[in-house]
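For reference, my_file.txt (compact mmCIF, C-alpha atoms):
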```
# COMPACT_ATOMS: atom_id res chain seq x y z
CA MET A 1 0.00 0.00 0.00
CA VAL A 2 1.30 3.46 -0.91
CA LYS A 3 2.07 5.59 2.15
CA PRO A 4 0.31 8.95 2.49
CA LEU A 5 2.39 12.09 2.90
CA PRO A 6 5.76 11.46 4.59
CA VAL A 7 7.04 13.18 7.71
CA ARG A 8 8.30 16.66 6.84
CA ASN A 9 10.70 18.66 9.04
CA GLY A 10 9.96 16.24 11.86
CA VAL A 11 6.19 16.67 11.63
CA ALA A 12 3.76 14.00 10.48
CA ALA A 13 0.92 14.96 8.17
CA SER A 14 -2.46 15.52 9.81
CA ARG A 15 -5.48 13.39 8.91
CA LEU A 16 -9.09 14.37 8.32
CA GLN A 17 -12.07 12.18 7.55
CA LEU A 18 -14.51 14.26 5.53
CA PRO A 19 -17.89 14.62 7.25
CA ALA A 20 -21.30 14.42 5.62
CA GLY A 21 -22.15 17.45 3.52
CA SER A 22 -23.31 18.74 0.16
CA TRP A 23 -19.94 19.89 -1.18
CA THR A 24 -18.88 19.22 -4.75
CA THR A 25 -15.12 18.94 -4.25
CA VAL A 26 -12.66 18.05 -1.51
CA LEU A 27 -11.43 21.65 -1.70
CA ASP A 28 -14.94 22.91 -0.87
CA ALA A 29 -15.14 20.49 2.07
CA VAL A 30 -11.83 21.45 3.69
CA CYS A 31 -12.56 25.16 3.24
CA ALA A 32 -15.83 24.66 5.10
CA LYS A 33 -14.15 22.54 7.79
CA PHE A 34 -11.44 25.15 8.42
CA PRO A 35 -13.12 28.55 7.85
CA SER A 36 -10.20 30.43 9.42
CA ILE A 37 -7.88 29.25 6.62
CA ASP A 38 -8.30 31.19 3.41
CA ARG A 39 -9.30 29.23 0.30
CA ALA A 40 -6.23 30.59 -1.49
CA VAL A 41 -4.03 28.90 1.15
CA TRP A 42 -5.65 25.52 0.45
CA CYS A 43 -5.25 26.08 -3.28
CA GLU A 44 -1.55 26.79 -2.79
CA ARG A 45 -1.13 23.61 -0.71
CA ILE A 46 -2.87 21.61 -3.42
CA VAL A 47 -0.61 23.06 -6.12
CA ARG A 48 2.40 22.02 -4.01
CA ARG A 49 0.88 18.51 -3.75
CA ASP A 50 0.74 18.86 0.02
CA VAL A 51 -2.79 17.41 0.27
CA ALA A 52 -3.35 13.72 -0.52
CA ASP A 53 -5.79 10.88 0.02
CA SER A 54 -5.07 7.80 2.16
CA ASN A 55 -3.27 6.13 -0.77
CA GLY A 56 -0.91 9.05 -1.22
CA ILE A 57 -2.62 10.31 -4.39
CA ALA A 58 -2.46 14.10 -4.56
CA ILE A 59 -5.75 15.97 -4.27
CA THR A 60 -6.50 18.47 -7.03
CA SER A 61 -8.84 21.45 -6.98
CA THR A 62 -11.45 19.34 -8.79
CA THR A 63 -11.15 16.05 -6.85
CA PRO A 64 -14.77 15.03 -6.09
CA TYR A 65 -15.93 15.12 -2.49
CA ARG A 66 -16.95 11.80 -0.93
CA VAL A 67 -18.31 11.43 2.60
CA GLY A 68 -15.87 9.55 4.84
CA MET A 69 -12.93 10.12 2.51
CA GLU A 70 -9.66 10.42 4.43
CA ILE A 71 -7.27 13.17 3.44
CA HIS A 72 -3.77 13.96 4.67
CA TYR A 73 -2.28 17.45 4.77
CA TYR A 74 0.59 19.36 6.34
CA ARG A 75 -0.43 21.72 9.09
CA GLU A 76 1.30 25.06 8.67
CA VAL A 77 1.69 28.02 11.02
CA SER A 78 2.77 31.37 9.69
CA GLY A 79 5.61 32.96 11.64
CA GLU A 80 6.06 30.08 14.10
CA PRO A 81 8.32 31.40 16.89
CA ARG A 82 11.66 29.78 17.67
CA ILE A 83 12.02 28.45 21.23
CA PRO A 84 15.59 29.45 22.21
CA PHE A 85 16.26 26.55 24.59
CA ASP A 86 17.68 23.12 23.87
CA GLU A 87 16.52 19.66 24.92
CA SER A 88 19.13 17.09 25.94
CA ILE A 89 19.16 13.31 25.82
CA VAL A 90 19.40 11.59 29.21
CA HIS A 91 19.15 8.02 27.88
CA GLU A 92 18.67 6.34 24.51
CA ASP A 93 18.34 2.70 23.47
CA ALA A 94 16.49 0.72 20.79
CA HIS A 95 13.16 1.15 22.58
CA LEU A 96 13.26 4.32 24.68
CA ILE A 97 14.53 7.86 24.65
CA ILE A 98 14.50 9.79 27.93
CA VAL A 99 14.86 13.48 27.21
CA ASP A 100 15.12 16.65 29.28
CA LYS A 101 12.61 19.14 27.90
CA PRO A 102 13.25 22.83 28.55
CA HIS A 103 10.58 25.25 29.69
CA PHE A 104 8.42 26.77 26.92
CA LEU A 105 8.87 23.90 24.43
CA PRO A 106 5.66 21.94 23.66
CA VAL A 107 5.92 18.15 23.56
CA VAL A 108 3.73 17.73 20.45
CA PRO A 109 2.23 20.10 17.85
CA SER A 110 -0.44 22.33 19.33
CA GLY A 111 -1.80 25.80 18.62
CA ARG A 112 0.86 28.00 17.06
CA PHE A 113 3.61 25.40 17.42
CA VAL A 114 4.17 22.71 14.79
CA GLU A 115 7.89 22.36 14.05
CA GLU A 116 9.05 23.93 17.32
CA THR A 117 8.09 20.95 19.47
CA LEU A 118 10.06 18.32 21.34
CA LEU A 119 8.76 15.52 19.10
CA ALA A 120 9.62 17.30 15.85
CA ARG A 121 13.10 18.16 17.10
CA LEU A 122 13.76 14.55 18.13
CA ILE A 123 12.54 13.18 14.79
CA ARG A 124 14.73 15.61 12.87
CA ARG A 125 17.68 14.76 15.09
CA SER A 126 17.29 10.97 14.98
CA GLY A 127 15.68 10.44 11.58
CA ASN A 128 13.23 8.07 13.30
CA ALA A 129 9.70 8.99 12.18
CA ASP A 130 8.24 6.32 14.50
CA LEU A 131 9.04 8.25 17.68
CA ALA A 132 6.02 8.79 19.94
CA PRO A 133 5.84 10.41 23.43
CA LEU A 134 4.54 7.97 26.03
CA HIS A 135 3.23 10.84 28.18
CA ARG A 136 3.25 14.62 28.13
CA ILE A 137 4.13 17.50 30.38
CA ASP A 138 2.92 21.06 29.92
CA ARG A 139 4.73 23.43 27.62
CA ALA A 140 5.41 25.57 30.70
CA THR A 141 6.95 22.65 32.64
CA ALA A 142 10.56 21.49 32.22
CA GLY A 143 12.03 18.05 32.76
CA LEU A 144 11.90 14.40 31.80
CA VAL A 145 9.76 13.04 28.98
CA MET A 146 9.73 9.36 28.03
CA VAL A 147 9.56 8.68 24.29
CA SER A 148 8.95 5.36 22.53
CA ALA A 149 11.48 4.70 19.77
CA ASN A 150 10.08 1.35 18.61
CA ALA A 151 6.46 0.66 17.65
CA SER A 152 6.83 -3.04 18.47
CA SER A 153 7.44 -2.40 22.18
CA ARG A 154 5.35 0.75 22.55
CA SER A 155 2.25 -0.88 24.03
CA ALA A 156 4.28 -2.50 26.83
CA TYR A 157 5.53 0.90 27.98
CA GLN A 158 2.12 2.55 27.51
CA GLN A 159 0.72 -0.08 29.86
CA LEU A 160 3.02 1.21 32.60
CA PHE A 161 1.27 4.58 32.47
CA ARG A 162 -2.23 3.14 32.21
CA GLU A 163 -1.62 0.97 35.27
CA ARG A 164 0.23 3.71 37.20
CA ARG A 165 3.38 1.62 37.47
CA ILE A 166 5.73 4.56 36.89
CA ARG A 167 6.91 6.74 39.76
CA LYS A 168 7.09 10.37 38.66
CA VAL A 169 8.74 12.90 40.96
CA TYR A 170 8.53 16.65 40.41
CA GLU A 171 10.13 19.63 42.10
CA ALA A 172 8.46 23.01 42.50
CA LEU A 173 9.31 26.37 44.00
CA ALA A 174 6.38 27.91 45.85
CA PRO A 175 5.63 30.03 48.94
CA ALA A 176 6.39 28.53 52.34
CA LEU A 177 3.60 26.75 54.22
CA PRO A 178 4.89 26.65 57.82
CA ALA A 179 1.43 25.95 59.27
CA ARG A 180 1.03 22.67 57.38
CA THR A 181 2.49 19.28 58.24
CA PHE A 182 4.55 17.44 55.63
CA PRO A 183 4.68 14.95 54.03
CA MET A 184 1.00 15.01 53.18
CA THR A 185 -1.49 13.66 50.65
CA PHE A 186 -3.75 16.07 48.80
CA THR A 187 -6.84 14.89 46.90
CA SER A 188 -9.60 16.67 45.01
CA ARG A 189 -12.05 16.26 42.16
CA LEU A 190 -10.78 18.01 39.02
CA VAL A 191 -12.89 18.75 35.95
CA ARG A 192 -12.47 20.92 32.87
CA GLY A 193 -13.00 24.59 33.71
CA GLU A 194 -13.34 27.94 31.96
CA PRO A 195 -11.64 28.92 29.76
CA PHE A 196 -11.21 25.48 28.23
CA PHE A 197 -7.49 25.27 28.99
CA ARG A 198 -7.95 25.52 32.78
CA MET A 199 -9.03 22.91 35.30
CA GLN A 200 -11.23 23.51 38.31
CA THR A 201 -11.97 21.80 41.62
CA VAL A 202 -15.55 20.72 42.31
CA GLU A 203 -17.37 18.83 45.04
CA GLY A 204 -17.51 15.07 44.71
CA LEU A 205 -15.47 11.90 44.86
CA PRO A 206 -11.75 12.76 44.42
CA ASN A 207 -10.22 11.75 41.08
CA SER A 208 -6.76 13.26 41.64
CA GLU A 209 -4.09 12.59 44.28
CA THR A 210 -0.68 14.12 44.93
CA GLN A 211 1.94 13.30 47.55
CA VAL A 212 3.51 16.57 48.75
CA ASP A 213 6.73 16.95 50.75
CA VAL A 214 9.28 19.68 51.39
CA ILE A 215 12.88 19.34 50.17
CA ASP A 216 14.23 22.72 51.29
CA ARG A 217 12.54 25.06 53.79
CA ALA A 218 15.01 27.94 53.57
CA GLY A 219 13.46 31.40 53.24
CA ALA A 220 10.01 32.49 52.11
CA VAL A 221 10.11 30.19 49.07
CA TRP A 222 10.34 26.45 49.68
CA ARG A 223 11.41 23.68 47.32
CA TYR A 224 8.69 21.03 47.25
CA GLY A 225 8.79 17.41 46.12
CA LEU A 226 5.57 16.38 44.35
CA GLU A 227 4.51 12.86 43.34
CA PRO A 228 1.31 12.67 41.29
CA VAL A 229 -0.49 9.39 41.98
CA SER A 230 -3.05 10.24 39.30
CA GLY A 231 -2.36 12.11 36.08
CA ARG A 232 -4.98 14.83 35.65
CA LYS A 233 -4.25 17.86 33.50
CA HIS A 234 -2.53 20.64 35.51
CA GLN A 235 -2.97 18.53 38.65
CA LEU A 236 0.18 19.69 40.45
CA ARG A 237 -0.48 23.32 39.66
CA VAL A 238 -4.08 23.16 40.89
CA HIS A 239 -3.20 21.23 44.04
CA MET A 240 -0.39 23.57 45.06
CA ALA A 241 -2.63 26.59 44.50
CA ALA A 242 -5.37 24.95 46.57
CA LEU A 243 -2.87 24.39 49.41
CA GLY A 244 -2.17 28.12 49.41
CA ALA A 245 1.23 27.87 47.72
CA PRO A 246 0.81 28.48 43.99
CA ILE A 247 3.90 27.53 42.01
CA LEU A 248 6.02 30.56 41.21
CA ASN A 249 5.23 32.25 37.88
CA ASP A 250 1.99 30.29 37.39
CA GLU A 251 -0.26 32.46 35.23
CA LEU A 252 -3.22 30.05 35.36
CA TYR A 253 -3.68 29.20 39.04
CA PRO A 254 -5.12 30.15 41.41
CA GLU A 255 -6.33 33.04 39.24
CA LEU A 256 -6.06 33.45 35.47
CA ALA A 257 -4.02 36.44 34.45
CA SER A 258 -5.76 38.89 32.16
CA SER A 259 -5.83 37.86 28.51
CA ASP A 260 -3.22 40.43 27.50
CA ALA A 261 -0.96 39.59 30.45
CA HIS A 262 -1.31 35.86 29.88
CA ASN A 263 -0.40 36.15 26.21
CA ALA A 264 2.56 38.40 26.98
CA ARG A 265 3.91 36.18 29.77
CA ALA A 266 3.45 32.90 27.89
CA ASP A 267 6.68 33.68 26.04
CA ASP A 268 8.40 35.73 28.74
CA PHE A 269 11.54 33.61 28.95
CA SER A 270 12.61 35.42 32.14
CA ARG A 271 9.59 34.00 34.01
CA PRO A 272 9.50 30.21 33.61
CA LEU A 273 7.01 28.23 35.66
CA GLN A 274 9.02 26.86 38.56
CA LEU A 275 7.98 23.23 38.03
CA LEU A 276 10.37 20.46 36.99
CA ALA A 277 9.74 16.78 36.15
CA LYS A 278 12.79 15.58 38.08
CA ARG A 279 12.70 11.75 38.14
CA LEU A 280 11.17 8.71 36.44
CA GLU A 281 11.34 5.24 38.02
CA PHE A 282 9.82 2.00 36.72
CA ARG A 283 10.36 -1.71 36.20
CA ASP A 284 11.15 -2.24 32.53
CA PRO A 285 8.43 -4.44 31.02
CA LEU A 286 10.87 -5.98 28.53
CA ASN A 287 13.54 -7.30 30.92
CA GLY A 288 12.22 -6.68 34.44
CA GLU A 289 15.07 -4.30 35.28
CA ILE A 290 14.41 -1.41 37.71
CA ARG A 291 15.24 1.80 35.86
CA SER A 292 15.64 5.29 37.28
CA PHE A 293 16.36 8.53 35.41
CA ASP A 294 17.03 12.01 36.79
CA SER A 295 16.77 15.35 35.06
CA GLY A 296 19.98 17.31 34.67
CA LEU A 297 18.02 20.55 34.88
CA THR A 298 17.43 22.66 37.95
CA LEU A 299 14.76 25.25 38.49
CA ARG A 300 15.79 28.69 37.22
CA ASP A 301 18.15 26.94 34.74
CA LEU A 302 17.00 28.17 31.32
CA ARG A 303 19.89 27.05 29.11
CA LEU A 304 19.95 29.95 26.70
CA PRO A 305 21.81 29.06 23.49
CA ASN A 306 25.05 30.75 24.54
CA GLU A 307 24.96 28.92 27.88
CA ALA A 308 23.80 25.50 26.74
CA SER A 309 25.99 22.52 26.16
CA PRO A 310 25.47 20.64 22.87
CA LEU A 311 22.92 17.86 22.69
CA ARG A 312 24.60 14.83 24.14
CA HIS A 313 24.16 11.23 25.19
CA THR A 314 24.89 10.50 28.86
```
Translate this file's structure into structure tokens.
Amino acid sequence: MVKPLPVRNGVAASRLQLPAGSWTTVLDAVCAKFPSIDRAVWCERIVRRDVADSNGIAITSTTPYRVGMEIHYYREVSGEPRIPFDESIVHEDAHLIIVDKPHFLPVVPSGRFVEETLLARLIRRSGNADLAPLHRIDRATAGLVMVSANASSRSAYQQLFRERRIRKVYEALAPALPARTFPMTFTSRLVRGEPFFRMQTVEGLPNSETQVDVIDRAGAVWRYGLEPVSGRKHQLRVHMAALGAPILNDELYPELASSDAHNARADDFSRPLQLLAKRLEFRDPLNGEIRSFDSGLTLRDLRLPNEASPLRHT
């Protein structure tokens, strides 16, 4: 079978199954599906042969529409910003890559980032188009990300996450909480909030749990050790804010910064969220070996290009 569009600049082509409608051509259908993209842009992509069906046959401006037809296309972002921080490889073998992700770099394409993502960088660097993150951390969070390098063993490692058989340890800088006793367990019920990218706490049976301890109590800002038992979106950020110690430079919790301030600070490289995915521990499902990996990053360590060491294997 002919492959659809190949990976380009580290980014796989997106897929769309055409919905039911009364359109005449595929071009009409995609223009209706993505009204924010000008028709001339789709026409240009078609001329470049950057839109194809599931057999890799290029779509033309007159290709007839058919309900359920699968098309492949390259997602493009005009003026995608460069993230001026480098990832580094902590471990690499035939099945896994453990990588230190810097603050501000998304793990996978999202929003205005397509090529400036951890996954795209790793694919370009390795030439392995089969790479797939086994979990994700926020763009604002730095630290360890576990990436599958081999499709044949991927499900075994995914099972570790589904069954919560991976110990994940984070560090965070946040205001001191001298009145509380540590270590402690914090639980709550988290659901999607408003706007859509925030989470909120509601009454009901808890669905999120975090183990919280203190690593360093010096001064008005403490260094906390956080172990998420569950894996809800923004869980650590919400839980720390609920405890009365929001993580430093968090623009989402406990209160959302104004729209203008949030947009401005999202790329303020002088104000990284002080949250770091510090350690991963698990029993390897392939050989039963206990494996432990530690981030080489520290909070407030931004690794600007002129300060960073080259990408390396350690």
Q) Which of these, A:Pro178, A:Pro102, A:Pro183, A:Gly204, has the shortest distance to Ala245 (chain A) once you count all atoms listed in the file? A)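 Counting all atoms listed in the file, the residue closest to Ala245 (chain A) is A:Pro178.
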Q: Compare A:Leu131, A:Ala242, A:Ala142, A:Val7 by their minimum atom-to-atom distance to Pro106 (chain A), counting only C-alpha atoms, and give me the closest one.
A: A:Ala142
Q | Computed interatomic separation between CA of Thr25 (chain A) and CA of Thr63 (chain A) (Å) | A |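 For CA of Thr25 (chain A) relative to CA of Thr63 (chain A), the distance reads 5.6 Å.
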(Q) So that I can check the surroundings of Lys33 (chain A), please list as number ranges by chain every protein, DNA and RNA residue that reaches within 12 Å of it, counting all atoms listed in the file and ignoring chain neighbours fewer than 6 positions away. (A) A: 16-21, 23, 26-27, 39, 42
Q. Which residues, written as a PyMOL selection string, have at least one atom at most 10 Å from Thr60 (chain A), with all atoms listed in the file counted and residues fewer than 4 positions away on the same chain left out?
A. chain A and resi 25-27+43+45-47+49+51-52+64
Q: List the neighbours of Asp93 (chain A) out to 10 Å using all atoms listed in the file; skip same-chain residues closer than 2 positions along the sequence, and give me the result as a list in words.
A: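 Those residues are His91, His95, Leu96, Ile97, Ile98, Ser148, Ala149 and Asn150 of chain A.
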Q. Within 8 Å of (11.5, 13.6, 25.2), in the coordinates the file gives, what residues turn up when you count all atoms listed in the file, written out as a list in words?
A. Glu87, Ile89, Ile97, Ile98, Val99, Asp100, Lys101, Val107, Leu118, Leu119, Leu122, Pro133, Leu144, Val145, Met146 and Val147 of chain A
(Q) Between CA of Gly143 (chain A) and CA of Arg8 (chain A), what distance in Å does the model show, to one decimal? (A) 26.2 Å
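Interatomic distance, CA of Leu236 (chain A) to CA of Thr210 (chain A): 7.2 Å.
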Q. Which neighbours of Trp222 (chain A) fall inside 12 Å, counting only C-alpha atoms, when residues of the same chain fewer than 4 positions from it are skipped, and could you give them as a list in words?
A. Glu171, Ala172, Leu173, Ala174, Pro175, Ala176, Leu177, Pro178, Asp213, Val214, Ile215, Asp216, Arg217, Ala218, Ala245, Pro246, Ile247, Leu248 and Gln274 of chain A
Q | Shortest interatomic distance to Phe186 (chain A) - which of A:Ala13, A:Leu243, A:Ala132, A:Leu275, counting only C-alpha atoms | A |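 Under the stated criterion, the closest residue is A:Leu243.
For Ser188 (chain A), the list of residues within 10 Å, based on all atoms listed in the file and with local chain neighbours fewer than 3 positions off taken out, reads Val191, Gln200, Thr201, Val202, Glu203, Gly204, Leu205, Pro206, Asn207, Ser208, Glu209, Thr210, Gln235, Val238, His239 and Ala242 of chain A.
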Q. Smallest atom-to-atom distance to Leu276 (chain A): which of A:Glu194, A:Asp86, A:Glu227, A:Glu92, using all atoms listed in the file?
A.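 Nearest candidate to Leu276 (chain A) out of A:Glu194, A:Asp86, A:Glu227, A:Glu92: A:Glu227.
Here the question is which of A:Gly10, A:Pro84, A:Gly79, A:Gly231 gets nearest to Glu115 (chain A) using all atoms listed in the file, and that residue is A:Gly10.
If all atoms listed in the file are the atoms counted, then among A:Thr181, A:Asp294, A:Gly56, A:Asp130 the closest residue to Arg154 (chain A) is A:Asp130.
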